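Remarks on the structure that follows.
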Amino acid sequence: VQDIFGLAGSAMPGGWSLLLPLLRHIEFASMRRADALILISPDFQDRLRAVGVRHDRVLIQENWAPVDLLAGSERRNAWSQAHDLNDRPVLLLAGTLGLKHNPGLVAALARQLGSTPDARVVVVSEGPGRAFLETARVQQGLGNLLLLNYQPASCVPSMLASADIAIVILNRGAGAASVPSKLYSYAAAGRPVLAAIPADNLAYRLIRQHGLGLVVEPEDEAGFLA
């Protein structure tokens with residue numbers, strides 16, 4: 001169980017909410033029929049029990065990242081040079097930007113850094129959040145916002161190493177039903193994290209417990225920018 005869509009679905013906009021009862025029926029019935037569940041967060045167990053999904057056989061297996069592959073790359077490398085990211089502050093968000101994320105926080109961050117001409121906010125993603133940022137970049141004149149498609153796996157270690165700060169965001173409605181796996185990749189690469197995540201999410205606790213960076217609640221835009 002990587003995500004509990006039936007719980008996260010309550011945060012989806014518009015017509016998606018009309019499909020929520022069907023989504024929950026399919027998802028929770030499938031879980032009830034399973035012989036066992038593998039959950040990526042201990043929080044999932046209580047949340048599933050609350051909707052009637054109970055199992056005697058449950059394994060908690062957090063997400064992970066390949067430390068041997070991601071650790072140790074130099075900050076200045078061929079990828080950072082190719083994208084003109086050497087010798088300038090870089091804040092990077094790499095991964096999914098979907099309905100459970102608020103890309104407006106990233107746009108606000110780029111606006112905030114407009115007074116630091118050399119700084120770059122780099123987003124490596126595709127989908128609805130990326131489309132939002134494409135529009136914001138033009139309408140708000142965010143010349144310091146670099147938008148890239150997903151990169152080949154061979155480039156990922158150098159891409160992560162190019163960041164001075166790595167960004168994680170997650171909306172409150174999705175906080176009970178998912179864990180941003182990009183956090184594990186950032187940690188494996190040794191990148192400090194700037195995050196806006198609900199406090200009841202495992203990722204929030206990991207950042208605090210292991211000193212991975214700074215984290216605020218997802219609605220705290222002022223704190224995020226500060």
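Each chain in the structure tokens gets a letter, A, B and so on, in the order shown; residues start at 1 in every chain, and ligands are counted from 1 in the order they appear.
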Show me, as JSON lines, the residues of stretch 118-214 of chain A having an atom within 8 Å of stretch 21-45 of chain A, each with the closest atom pair and its distance in Å, using only C-alpha atoms.
{"residue": "A:Ala176", "atom": "CA", "partner": "A:Phe44", "partner_atom": "CA", "distance": 7.5}
{"residue": "A:Ala177", "atom": "CA", "partner": "A:Phe44", "partner_atom": "CA", "distance": 7.0}
{"residue": "A:Val179", "atom": "CA", "partner": "A:Ser41", "partner_atom": "CA", "distance": 7.4}
{"residue": "A:Asn201", "atom": "CA", "partner": "A:Asp43", "partner_atom": "CA", "distance": 7.9}
{"residue": "A:Leu202", "atom": "CA", "partner": "A:Ser41", "partner_atom": "CA", "distance": 6.6}
With N, CA, C and O atoms retained, write the just-selected residues as a PDB file, in the first residue's frame.
ATOM      1  N   ALA A 176      -2.625  12.086   5.329  1.00  0.00           N
ATOM      2  CA  ALA A 176      -2.966  10.854   6.030  1.00  0.00           C
ATOM      3  C   ALA A 176      -2.859   9.629   5.142  1.00  0.00           C
ATOM      4  O   ALA A 176      -2.972   8.508   5.620  1.00  0.00           O
ATOM      5  N   ALA A 177      -2.622   9.837   3.847  1.00  0.00           N
ATOM      6  CA  ALA A 177      -2.785   8.733   2.902  1.00  0.00           C
ATOM      7  C   ALA A 177      -1.577   8.493   2.008  1.00  0.00           C
ATOM      8  O   ALA A 177      -1.642   7.662   1.108  1.00  0.00           O
ATOM      9  N   VAL A 179       3.094   9.117   1.653  1.00  0.00           N
ATOM     10  CA  VAL A 179       4.367   9.588   2.194  1.00  0.00           C
ATOM     11  C   VAL A 179       5.226   9.978   0.996  1.00  0.00           C
ATOM     12  O   VAL A 179       5.423   9.158   0.095  1.00  0.00           O
ATOM     13  N   ASN A 201       2.150  13.430   9.155  1.00  0.00           N
ATOM     14  CA  ASN A 201       2.728  12.588   8.114  1.00  0.00           C
ATOM     15  C   ASN A 201       4.086  12.064   8.564  1.00  0.00           C
ATOM     16  O   ASN A 201       4.858  12.779   9.223  1.00  0.00           O
ATOM     17  N   LEU A 202       4.398  10.823   8.184  1.00  0.00           N
ATOM     18  CA  LEU A 202       5.670  10.215   8.563  1.00  0.00           C
ATOM     19  C   LEU A 202       6.855  11.061   8.103  1.00  0.00           C
ATOM     20  O   LEU A 202       7.850  11.194   8.827  1.00  0.00           O
TER      21      LEU A 202
END
Requested in this report: Using DSSP on the backbone coordinates, identify all residues within stretch 3-171 of chain A classified as alpha helix (DSSP H); present the result as an NGL selection string.
Outcome: :A and (5-8 or 20-33 or 43-50 or 67-70 or 78-82 or 104-112 or 128-139 or 156-161)
**Report entry** Shell of 10 Å around stretch 120-125 of chain A, only C-alpha atoms, local chain residues under 3 positions omitted, as a ChimeraX atom specification
**Finding:** /A:83-85,88-98,106-107,109-111,113-114,116-117,128-131,133,142-151,159,162-163,165-167
Would you save the residues from that selection as a PDB file, in the first residue's frame, using C-alpha atoms?
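Printed below is result11.pdb as written:
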ATOM      1  CA  HIS A  83      21.909  23.422 -17.004  1.00  0.00           C
ATOM      2  CA  ASP A  84      24.062  26.394 -15.923  1.00  0.00           C
ATOM      3  CA  LEU A  85      23.666  25.594 -12.217  1.00  0.00           C
ATOM      4  CA  ARG A  88      24.676  29.705  -8.067  1.00  0.00           C
ATOM      5  CA  PRO A  89      22.220  28.758  -5.277  1.00  0.00           C
ATOM      6  CA  VAL A  90      19.920  25.933  -6.418  1.00  0.00           C
ATOM      7  CA  LEU A  91      16.648  24.778  -4.865  1.00  0.00           C
ATOM      8  CA  LEU A  92      15.403  21.578  -6.476  1.00  0.00           C
ATOM      9  CA  LEU A  93      12.090  19.733  -6.529  1.00  0.00           C
ATOM     10  CA  ALA A  94      12.318  16.446  -8.419  1.00  0.00           C
ATOM     11  CA  GLY A  95       9.360  14.085  -8.684  1.00  0.00           C
ATOM     12  CA  THR A  96       5.595  14.015  -8.896  1.00  0.00           C
ATOM     13  CA  LEU A  97       3.561  17.233  -8.784  1.00  0.00           C
ATOM     14  CA  GLY A  98      -0.034  16.067  -8.861  1.00  0.00           C
ATOM     15  CA  VAL A 106       7.072  26.664  -5.601  1.00  0.00           C
ATOM     16  CA  ALA A 107       5.991  29.695  -7.636  1.00  0.00           C
ATOM     17  CA  LEU A 109       9.473  30.596  -3.653  1.00  0.00           C
ATOM     18  CA  ALA A 110      10.703  31.657  -7.095  1.00  0.00           C
ATOM     19  CA  ARG A 111       9.117  35.096  -6.597  1.00  0.00           C
ATOM     20  CA  LEU A 113      14.156  34.601  -4.689  1.00  0.00           C
ATOM     21  CA  GLY A 114      13.734  37.178  -7.440  1.00  0.00           C
ATOM     22  CA  THR A 116      18.722  36.981  -5.583  1.00  0.00           C
ATOM     23  CA  PRO A 117      19.460  37.077  -9.307  1.00  0.00           C
ATOM     24  CA  PRO A 128      -0.663  19.092 -13.770  1.00  0.00           C
ATOM     25  CA  GLY A 129       1.714  20.738 -11.290  1.00  0.00           C
ATOM     26  CA  ARG A 130       4.304  21.247 -13.995  1.00  0.00           C
ATOM     27  CA  ALA A 131       1.626  22.767 -16.260  1.00  0.00           C
ATOM     28  CA  LEU A 133       4.262  26.302 -13.135  1.00  0.00           C
ATOM     29  CA  LEU A 142       9.734  33.939 -13.106  1.00  0.00           C
ATOM     30  CA  GLY A 143      12.953  33.798 -15.093  1.00  0.00           C
ATOM     31  CA  ASN A 144      14.697  32.031 -12.194  1.00  0.00           C
ATOM     32  CA  LEU A 145      12.311  29.050 -12.428  1.00  0.00           C
ATOM     33  CA  LEU A 146      13.843  26.235 -14.486  1.00  0.00           C
ATOM     34  CA  LEU A 147      11.338  23.547 -15.558  1.00  0.00           C
ATOM     35  CA  LEU A 148      12.647  20.203 -16.835  1.00  0.00           C
ATOM     36  CA  ASN A 149      11.095  16.889 -17.834  1.00  0.00           C
ATOM     37  CA  TYR A 150      11.849  13.731 -15.908  1.00  0.00           C
ATOM     38  CA  GLN A 151      15.501  12.842 -16.345  1.00  0.00           C
ATOM     39  CA  MET A 159      20.827  15.969 -10.612  1.00  0.00           C
ATOM     40  CA  SER A 162      23.346  19.786  -8.032  1.00  0.00           C
ATOM     41  CA  ALA A 163      20.865  20.999  -5.399  1.00  0.00           C
ATOM     42  CA  ILE A 165      18.366  22.572  -0.977  1.00  0.00           C
ATOM     43  CA  ALA A 166      15.754  19.954  -1.938  1.00  0.00           C
ATOM     44  CA  ILE A 167      12.022  20.702  -1.741  1.00  0.00           C
TER      45      ILE A 167
END
Report task. Can you work out which one of A:Leu99, A:Val67, A:Ala222, A:Val168 has the shortest atom-to-atom distance to A:Pro180, counting only C-alpha atoms? Result ->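 Of A:Leu99, A:Val67, A:Ala222, A:Val168, the one nearest A:Pro180 is A:Val168, counting only C-alpha atoms.
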**Report entry** Separation of atom CA of A:Ala108 from atom CA of A:Glu221, in Å and rounded to one decimal
**Finding:**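 Separating atom CA of A:Ala108 from atom CA of A:Glu221 is a distance of 8.1 Å.
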